[in-house]
>>> print(open('structure33.cif').read())   # mmCIF, C-alpha atoms and all ligand atoms
data_upload
loop_
_atom_site.label_atom_id
_atom_site.label_comp_id
_atom_site.auth_asym_id
_atom_site.auth_seq_id
_atom_site.Cartn_x
_atom_site.Cartn_y
_atom_site.Cartn_z
CA MET A 222 14.58 23.59 -20.34
CA SER A 223 17.90 25.24 -21.03
CA ASP A 224 18.10 27.91 -18.39
CA GLY A 225 18.58 27.42 -14.70
CA ASN A 226 15.42 29.21 -13.63
CA GLU A 227 13.26 27.12 -15.92
CA LEU A 228 14.76 23.92 -14.54
CA ALA A 229 14.45 25.15 -10.95
CA ASN A 230 10.76 25.97 -11.53
CA PHE A 231 10.17 22.59 -13.14
CA ALA A 232 11.88 20.77 -10.25
CA SER A 233 10.02 22.78 -7.63
CA SER A 234 6.59 22.36 -9.20
CA SER A 235 7.23 18.65 -9.78
CA ALA A 236 8.07 18.19 -6.08
CA GLY A 237 4.77 19.82 -5.15
CA LYS A 238 2.77 17.68 -7.58
CA ILE A 239 4.45 14.47 -6.41
CA PHE A 240 3.87 15.37 -2.78
CA GLU A 241 0.14 16.01 -3.40
CA LEU A 242 -0.19 12.74 -5.33
CA SER A 243 1.69 10.80 -2.64
CA LYS A 244 -1.02 11.74 -0.14
CA GLN A 245 -3.45 9.73 -2.29
CA CYS A 246 -1.17 6.67 -2.43
CA LEU A 247 -2.67 4.89 0.55
CA MET A 248 -0.70 2.08 2.23
CA ALA A 249 1.99 2.45 -0.43
CA HIS A 250 4.83 1.30 1.82
CA SER A 251 2.87 -1.80 2.81
CA ALA A 252 2.09 -2.62 -0.83
CA ARG A 253 5.80 -2.34 -1.72
CA ALA A 254 6.68 -4.47 1.32
CA VAL A 255 4.21 -7.19 0.26
CA GLU A 256 5.75 -7.24 -3.24
CA THR A 257 9.20 -7.71 -1.71
CA TYR A 258 8.01 -10.26 0.84
CA VAL A 259 6.12 -12.38 -1.69
CA ALA A 260 9.10 -12.34 -4.07
CA LYS A 261 11.48 -13.59 -1.38
CA GLN A 262 9.16 -15.88 0.53
CA TYR A 263 7.85 -17.69 -2.54
CA ASN A 264 11.06 -17.57 -4.60
CA LEU A 265 9.66 -15.59 -7.48
CA GLY A 266 12.86 -13.66 -8.18
CA ASN A 267 13.22 -9.92 -7.80
CA TYR A 268 9.90 -8.04 -7.69
CA PRO A 269 7.95 -10.26 -10.06
CA ILE A 270 4.59 -9.04 -8.82
CA LYS A 271 3.38 -5.49 -9.00
CA ILE A 272 0.50 -4.36 -6.83
CA HIS A 273 -1.73 -1.61 -8.22
CA ILE A 274 -4.23 0.14 -6.01
CA ARG A 275 -6.99 1.88 -7.89
CA ASP A 276 -10.45 3.33 -7.47
CA GLY A 277 -13.41 1.47 -8.86
CA TYR A 278 -14.99 -0.87 -6.34
CA ALA A 279 -18.51 -0.35 -5.08
CA ALA A 280 -18.32 -1.25 -1.42
CA LYS A 281 -20.71 -3.93 -0.24
CA ALA A 282 -21.56 -5.03 3.26
CA GLN A 283 -18.56 -6.81 4.85
CA SER A 284 -16.32 -5.96 1.91
CA PHE A 285 -14.71 -2.62 1.22
CA ALA A 286 -12.24 -3.60 -1.48
CA LYS A 287 -11.46 -6.44 -3.86
CA ALA A 288 -8.15 -7.87 -5.04
CA ILE A 289 -7.65 -9.53 -8.41
CA ILE A 290 -4.50 -11.60 -8.03
CA SER A 291 -2.18 -13.17 -10.58
CA VAL A 292 1.47 -14.25 -10.37
CA GLU A 293 2.74 -11.09 -12.08
CA TRP A 294 0.36 -8.40 -10.98
CA CYS A 295 -2.37 -7.68 -8.52
CA SER A 296 -5.02 -4.99 -8.66
CA ILE A 297 -6.69 -3.87 -5.46
CA PHE A 298 -9.88 -1.99 -6.23
CA ILE A 299 -11.05 0.43 -3.58
CA ASP A 300 -14.01 2.76 -3.15
CA SER A 301 -12.60 6.27 -2.85
CA SER A 302 -15.92 7.56 -1.51
CA LEU A 303 -15.17 5.78 1.77
CA GLY A 304 -13.21 7.52 4.51
CA LYS A 305 -9.43 7.37 4.30
CA GLU A 306 -9.06 5.07 7.31
CA ARG A 307 -11.68 2.65 5.94
CA GLN A 308 -9.84 2.60 2.60
CA ARG A 309 -6.48 2.01 4.28
CA ARG A 310 -7.87 -0.84 6.36
CA ALA A 311 -9.51 -2.33 3.27
CA ILE A 312 -6.18 -2.22 1.40
CA ALA A 313 -4.45 -3.89 4.36
CA HIS A 314 -7.11 -6.63 4.28
CA GLU A 315 -6.58 -7.22 0.56
CA LEU A 316 -2.80 -7.32 1.03
CA GLY A 317 -3.52 -10.17 3.45
CA HIS A 318 -5.38 -11.93 0.62
CA VAL A 319 -2.35 -11.51 -1.66
CA ILE A 320 -0.01 -13.20 0.85
CA LEU A 321 -2.57 -15.90 1.63
CA ALA A 322 -3.07 -16.62 -2.09
CA PHE A 323 0.66 -17.27 -2.55
CA GLU A 324 0.79 -19.36 0.64
CA LYS A 325 -2.11 -21.54 -0.52
CA ARG A 326 -0.53 -21.83 -3.96
CA LYS A 327 2.29 -23.83 -2.34
CA GLU A 328 -0.23 -26.61 -1.63
CA SER A 329 -2.66 -26.41 -4.52
CA GLY A 330 -0.46 -25.03 -7.30
CA ARG A 331 -3.22 -22.57 -8.10
CA LEU A 332 -3.28 -18.89 -7.28
CA GLU A 333 -6.62 -17.57 -6.24
CA ARG A 334 -8.13 -15.17 -3.79
CA ALA A 335 -9.88 -17.33 -1.20
CA SER A 336 -13.08 -15.96 0.26
CA ASP A 337 -14.18 -18.73 2.61
CA ARG A 338 -14.91 -17.86 6.23
CA LEU A 339 -11.55 -19.06 7.55
CA SER A 340 -9.60 -17.05 4.96
CA GLU A 341 -11.69 -13.94 5.62
CA ASP A 342 -11.06 -14.27 9.36
CA GLY A 343 -7.33 -14.68 8.71
CA CYS A 344 -7.21 -11.60 6.48
CA GLY A 345 -9.19 -9.74 9.14
CA ILE A 346 -6.47 -10.57 11.67
CA PHE A 347 -3.76 -9.51 9.18
CA GLU A 348 -5.60 -6.20 8.56
CA GLU A 349 -6.05 -5.39 12.24
CA GLU A 350 -2.53 -6.31 13.29
CA LEU A 351 -0.79 -4.54 10.40
CA CYS A 352 -2.84 -1.38 10.99
CA ALA A 353 -2.36 -1.57 14.77
CA LEU A 354 1.42 -1.83 14.24
CA HIS A 355 1.31 1.27 12.00
CA HIS A 356 -0.80 3.09 14.56
CA ARG A 357 1.53 2.23 17.43
CA PHE A 358 4.62 3.15 15.42
CA ASN A 359 3.28 6.49 14.19
CA SER A 360 1.90 7.37 17.62
CA ASP A 361 5.34 7.08 19.19
CA PRO A 362 7.16 10.45 19.16
CA ASN A 363 10.47 8.55 19.28
CA HIS A 364 9.81 7.34 15.73
CA ARG A 365 9.12 10.78 14.26
CA HIS A 366 12.78 11.23 13.35
CA GLU A 367 12.30 8.46 10.79
CA VAL A 368 9.83 10.54 8.77
CA LEU A 369 11.07 14.08 9.40
CA PHE A 370 13.90 15.89 7.58
CA PRO A 371 15.60 18.04 10.24
CA SER A 372 18.31 19.03 7.74
CA LEU A 373 15.59 20.94 5.82
CA ALA A 374 13.91 22.55 8.82
CA ASP A 375 14.97 26.02 7.62
CA HIS A 376 14.05 25.45 3.95
CA ARG A 377 12.14 28.33 2.33
CA LEU A 378 9.00 26.15 2.21
CA ALA A 379 9.19 24.98 5.82
CA SER A 380 7.28 27.17 8.18
ZN ZN B 401 -11.52 -10.53 2.50
#
>>> encode(input="structure33.cif", output="structure tokens", more="lines below")
Ligand SMILES: [Zn+2]
Amino acid sequence: MSDGNELANFASSSAGKIFELSKQCLMAHSARAVETYVAKQYNLGNYPIKIHIRDGYAAKAQSFAKAIISVEWCSIFIDSSLGKERQRRAIAHELGHVILAFEKRKESGRLERASDRLSEDGCGIFEEELCALHHRFNSDPNHRHEVLFPSLADHRLAS
């Protein structure tokens, strides 16, 4: 990678690969936000938990994803054969379980993913409200400037 063209080609093709991959990283901002929130809210220091979202859950009735939660990491297993919206809502639901697990840990000292009726209803509310907030935000044309890059409107790729 010594000449300029080689580096330019590498940089350009990497940008394309990362962009394609980023389209598969569902609810990534929310996952990062939950990591930050949990760290601050439950005094765990800077980013002590890492949330991984991966394929490998066979969806059952009433459940479209499953979170395995520990203090340092959390894996949310999803079923990639489901539609994108269903997967995104399922991830939102499991993120609710992550927050709830840390909240309940304050009382019991144990960290576990609760699956009783009350907890499921609570995570259902979290899922719906988080997704509705995303929907409302992204539907508002006044917020588009936060995701667009007007300075690159004339870039060779933009057309
Ligand atoms: Zn649940």
>>> closest_atom_pairs(input="structure33.cif", of="chain A", to="ligand ZN 401 (chain B)", cutoff="9 Å", atoms="all atoms listed in the file", output="CSV")
residue,atom,partner,partner_atom,distance
A:Gln283,CA,B:ZN401,ZN,8.3
A:Ser284,CA,B:ZN401,ZN,6.7
A:Phe285,CA,B:ZN401,ZN,8.6
A:Ala286,CA,B:ZN401,ZN,8.0
A:Lys287,CA,B:ZN401,ZN,7.6
A:Ala288,CA,B:ZN401,ZN,8.7
A:Ala311,CA,B:ZN401,ZN,8.5
A:His314,CA,B:ZN401,ZN,6.2
A:Glu315,CA,B:ZN401,ZN,6.3
A:Gly317,CA,B:ZN401,ZN,8.1
A:His318,CA,B:ZN401,ZN,6.6
A:Arg334,CA,B:ZN401,ZN,8.5
A:Ala335,CA,B:ZN401,ZN,7.9
A:Ser336,CA,B:ZN401,ZN,6.1
A:Asp337,CA,B:ZN401,ZN,8.6
A:Arg338,CA,B:ZN401,ZN,8.9
A:Ser340,CA,B:ZN401,ZN,7.2
A:Glu341,CA,B:ZN401,ZN,4.6
A:Asp342,CA,B:ZN401,ZN,7.8
A:Gly343,CA,B:ZN401,ZN,8.6
A:Cys344,CA,B:ZN401,ZN,6.0
A:Gly345,CA,B:ZN401,ZN,7.1
>>> write_last_selection(input="structure33.cif", atoms="C-alpha atoms", output="short mmCIF file (atom, residue, chain, number, x, y, z; two decimals), in the coordinates of the input")
data_model
loop_
_atom_site.label_atom_id
_atom_site.label_comp_id
_atom_site.auth_asym_id
_atom_site.auth_seq_id
_atom_site.Cartn_x
_atom_site.Cartn_y
_atom_site.Cartn_z
CA GLN A 283 -18.56 -6.81 4.85
CA SER A 284 -16.32 -5.96 1.91
CA PHE A 285 -14.71 -2.62 1.22
CA ALA A 286 -12.24 -3.60 -1.48
CA LYS A 287 -11.46 -6.44 -3.86
CA ALA A 288 -8.15 -7.87 -5.04
CA ALA A 311 -9.51 -2.33 3.27
CA HIS A 314 -7.11 -6.63 4.28
CA GLU A 315 -6.58 -7.22 0.56
CA GLY A 317 -3.52 -10.17 3.45
CA HIS A 318 -5.38 -11.93 0.62
CA ARG A 334 -8.13 -15.17 -3.79
CA ALA A 335 -9.88 -17.33 -1.20
CA SER A 336 -13.08 -15.96 0.26
CA ASP A 337 -14.18 -18.73 2.61
CA ARG A 338 -14.91 -17.86 6.23
CA SER A 340 -9.60 -17.05 4.96
CA GLU A 341 -11.69 -13.94 5.62
CA ASP A 342 -11.06 -14.27 9.36
CA GLY A 343 -7.33 -14.68 8.71
CA CYS A 344 -7.21 -11.60 6.48
CA GLY A 345 -9.19 -9.74 9.14
#
>>> atom_distance(input="structure33.cif", atom1="CA of Leu332 (chain A)", atom2="CA of His273 (chain A)")
17.4 Å
>>> atom_distance(input="structure33.cif", atom1="CA of Ala249 (chain A)", atom2="CA of Arg331 (chain A)")
26.7 Å
>>> atom_distance(input="structure33.cif", atom1="CA of Ile346 (chain A)", atom2="CA of Gly266 (chain A)")
27.9 Å
>>> closest_residue(input="structure33.cif", among="A:Lys261, A:Lys325, A:His364, A:Arg253", to="Cys295 (chain A)", atoms="only C-alpha atoms")
A:Arg253
>>> residues_near_point(input="structure33.cif", point="(7.6, -7.8, -4.5)", cutoff="9 Å", atoms="only C-alpha atoms", output="JSON list (two decimals) with C-alpha atoms, in the coordinates of the input")
[["chain", "number", "residue", "atom", "x", "y", "z"],
["A", 252, "ALA", "CA", 2.09, -2.62, -0.83],
["A", 253, "ARG", "CA", 5.80, -2.34, -1.72],
["A", 254, "ALA", "CA", 6.68, -4.47, 1.32],
["A", 255, "VAL", "CA", 4.21, -7.19, 0.26],
["A", 256, "GLU", "CA", 5.75, -7.24, -3.24],
["A", 257, "THR", "CA", 9.20, -7.71, -1.71],
["A", 258, "TYR", "CA", 8.01, -10.26, 0.84],
["A", 259, "VAL", "CA", 6.12, -12.38, -1.69],
["A", 260, "ALA", "CA", 9.10, -12.34, -4.07],
["A", 261, "LYS", "CA", 11.48, -13.59, -1.38],
["A", 265, "LEU", "CA", 9.66, -15.59, -7.48],
["A", 266, "GLY", "CA", 12.86, -13.66, -8.18],
["A", 267, "ASN", "CA", 13.22, -9.92, -7.80],
["A", 268, "TYR", "CA", 9.90, -8.04, -7.69],
["A", 269, "PRO", "CA", 7.95, -10.26, -10.06],
["A", 270, "ILE", "CA", 4.59, -9.04, -8.82],
["A", 271, "LYS", "CA", 3.38, -5.49, -9.00],
["A", 272, "ILE", "CA", 0.50, -4.36, -6.83]]
>>> residues_near_point(input="structure33.cif", point="(-5.6, -2.8, -9.9)", cutoff="9 Å", atoms="only C-alpha atoms", output="list of chain:residue names")
A:Ile272, A:His273, A:Ile274, A:Arg275, A:Asp276, A:Gly277, A:Ala288, A:Ile289, A:Trp294, A:Cys295, A:Ser296, A:Ile297, A:Phe298, A:Ile299
>>> closest_residue(input="structure33.cif", among="A:Leu316, A:Leu242, A:Leu354, A:Val292", to="Gly330 (chain A)", atoms="all atoms listed in the file")
A:Val292
>>> build_atoms(input="structure33.cif", residues="region 251-277 of chain A", atoms="N, CA and C atoms", output="PDB file, in the frame of the given file")
ATOM      1  N   SER A 251       3.278  -0.414   2.546  1.00  0.00           N
ATOM      2  CA  SER A 251       2.870  -1.800   2.810  1.00  0.00           C
ATOM      3  C   SER A 251       2.745  -2.584   1.511  1.00  0.00           C
ATOM      4  N   ALA A 252       2.217  -1.940   0.471  1.00  0.00           N
ATOM      5  CA  ALA A 252       2.090  -2.620  -0.830  1.00  0.00           C
ATOM      6  C   ALA A 252       3.481  -2.987  -1.355  1.00  0.00           C
ATOM      7  N   ARG A 253       4.436  -2.052  -1.256  1.00  0.00           N
ATOM      8  CA  ARG A 253       5.800  -2.340  -1.720  1.00  0.00           C
ATOM      9  C   ARG A 253       6.408  -3.455  -0.885  1.00  0.00           C
ATOM     10  N   ALA A 254       6.122  -3.440   0.426  1.00  0.00           N
ATOM     11  CA  ALA A 254       6.680  -4.470   1.320  1.00  0.00           C
ATOM     12  C   ALA A 254       6.109  -5.842   0.977  1.00  0.00           C
ATOM     13  N   VAL A 255       4.821  -5.898   0.631  1.00  0.00           N
ATOM     14  CA  VAL A 255       4.210  -7.190   0.260  1.00  0.00           C
ATOM     15  C   VAL A 255       4.839  -7.705  -1.037  1.00  0.00           C
ATOM     16  N   GLU A 256       5.085  -6.821  -2.000  1.00  0.00           N
ATOM     17  CA  GLU A 256       5.750  -7.240  -3.240  1.00  0.00           C
ATOM     18  C   GLU A 256       7.106  -7.883  -2.927  1.00  0.00           C
ATOM     19  N   THR A 257       7.874  -7.218  -2.077  1.00  0.00           N
ATOM     20  CA  THR A 257       9.200  -7.710  -1.710  1.00  0.00           C
ATOM     21  C   THR A 257       9.112  -9.032  -0.949  1.00  0.00           C
ATOM     22  N   TYR A 258       8.178  -9.060   0.013  1.00  0.00           N
ATOM     23  CA  TYR A 258       8.010 -10.260   0.840  1.00  0.00           C
ATOM     24  C   TYR A 258       7.607 -11.468  -0.002  1.00  0.00           C
ATOM     25  N   VAL A 259       6.617 -11.275  -0.856  1.00  0.00           N
ATOM     26  CA  VAL A 259       6.120 -12.380  -1.690  1.00  0.00           C
ATOM     27  C   VAL A 259       7.237 -12.882  -2.613  1.00  0.00           C
ATOM     28  N   ALA A 260       8.002 -11.951  -3.169  1.00  0.00           N
ATOM     29  CA  ALA A 260       9.100 -12.340  -4.070  1.00  0.00           C
ATOM     30  C   ALA A 260      10.105 -13.218  -3.351  1.00  0.00           C
ATOM     31  N   LYS A 261      10.469 -12.829  -2.124  1.00  0.00           N
ATOM     32  CA  LYS A 261      11.480 -13.590  -1.380  1.00  0.00           C
ATOM     33  C   LYS A 261      10.914 -14.880  -0.815  1.00  0.00           C
ATOM     34  N   GLN A 262       9.746 -14.760  -0.180  1.00  0.00           N
ATOM     35  CA  GLN A 262       9.160 -15.880   0.530  1.00  0.00           C
ATOM     36  C   GLN A 262       8.778 -17.026  -0.414  1.00  0.00           C
ATOM     37  N   TYR A 263       8.342 -16.665  -1.614  1.00  0.00           N
ATOM     38  CA  TYR A 263       7.850 -17.690  -2.540  1.00  0.00           C
ATOM     39  C   TYR A 263       8.768 -17.850  -3.755  1.00  0.00           C
ATOM     40  N   ASN A 264      10.015 -17.369  -3.588  1.00  0.00           N
ATOM     41  CA  ASN A 264      11.060 -17.570  -4.600  1.00  0.00           C
ATOM     42  C   ASN A 264      10.647 -17.191  -6.016  1.00  0.00           C
ATOM     43  N   LEU A 265      10.122 -16.006  -6.153  1.00  0.00           N
ATOM     44  CA  LEU A 265       9.660 -15.590  -7.480  1.00  0.00           C
ATOM     45  C   LEU A 265      10.670 -14.686  -8.169  1.00  0.00           C
ATOM     46  N   GLY A 266      11.848 -14.551  -7.587  1.00  0.00           N
ATOM     47  CA  GLY A 266      12.860 -13.660  -8.180  1.00  0.00           C
ATOM     48  C   GLY A 266      12.671 -12.247  -7.646  1.00  0.00           C
ATOM     49  N   ASN A 267      13.281 -11.298  -8.287  1.00  0.00           N
ATOM     50  CA  ASN A 267      13.220  -9.920  -7.800  1.00  0.00           C
ATOM     51  C   ASN A 267      11.975  -9.195  -8.310  1.00  0.00           C
ATOM     52  N   TYR A 268      11.090  -8.844  -7.379  1.00  0.00           N
ATOM     53  CA  TYR A 268       9.900  -8.040  -7.690  1.00  0.00           C
ATOM     54  C   TYR A 268       9.101  -8.547  -8.884  1.00  0.00           C
ATOM     55  N   PRO A 269       8.712  -9.801  -8.901  1.00  0.00           N
ATOM     56  CA  PRO A 269       7.950 -10.260 -10.060  1.00  0.00           C
ATOM     57  C   PRO A 269       6.488  -9.861 -10.001  1.00  0.00           C
ATOM     58  N   ILE A 270       5.977  -9.509  -8.806  1.00  0.00           N
ATOM     59  CA  ILE A 270       4.590  -9.040  -8.820  1.00  0.00           C
ATOM     60  C   ILE A 270       4.557  -7.539  -8.575  1.00  0.00           C
ATOM     61  N   LYS A 271       3.562  -6.919  -9.161  1.00  0.00           N
ATOM     62  CA  LYS A 271       3.380  -5.490  -9.000  1.00  0.00           C
ATOM     63  C   LYS A 271       1.953  -5.289  -8.506  1.00  0.00           C
ATOM     64  N   ILE A 272       1.824  -4.589  -7.400  1.00  0.00           N
ATOM     65  CA  ILE A 272       0.500  -4.360  -6.830  1.00  0.00           C
ATOM     66  C   ILE A 272       0.024  -2.957  -7.188  1.00  0.00           C
ATOM     67  N   HIS A 273      -1.119  -2.900  -7.867  1.00  0.00           N
ATOM     68  CA  HIS A 273      -1.730  -1.610  -8.220  1.00  0.00           C
ATOM     69  C   HIS A 273      -2.927  -1.391  -7.310  1.00  0.00           C
ATOM     70  N   ILE A 274      -3.057  -0.194  -6.814  1.00  0.00           N
ATOM     71  CA  ILE A 274      -4.230   0.140  -6.010  1.00  0.00           C
ATOM     72  C   ILE A 274      -4.990   1.220  -6.765  1.00  0.00           C
ATOM     73  N   ARG A 275      -6.249   0.927  -7.071  1.00  0.00           N
ATOM     74  CA  ARG A 275      -6.990   1.880  -7.890  1.00  0.00           C
ATOM     75  C   ARG A 275      -8.445   1.970  -7.449  1.00  0.00           C
ATOM     76  N   ASP A 276      -9.048   3.085  -7.810  1.00  0.00           N
ATOM     77  CA  ASP A 276     -10.450   3.330  -7.470  1.00  0.00           C
ATOM     78  C   ASP A 276     -11.334   2.523  -8.416  1.00  0.00           C
ATOM     79  N   GLY A 277     -12.497   2.131  -7.947  1.00  0.00           N
ATOM     80  CA  GLY A 277     -13.410   1.470  -8.860  1.00  0.00           C
ATOM     81  C   GLY A 277     -14.131   0.280  -8.259  1.00  0.00           C
TER      82      GLY A 277
END
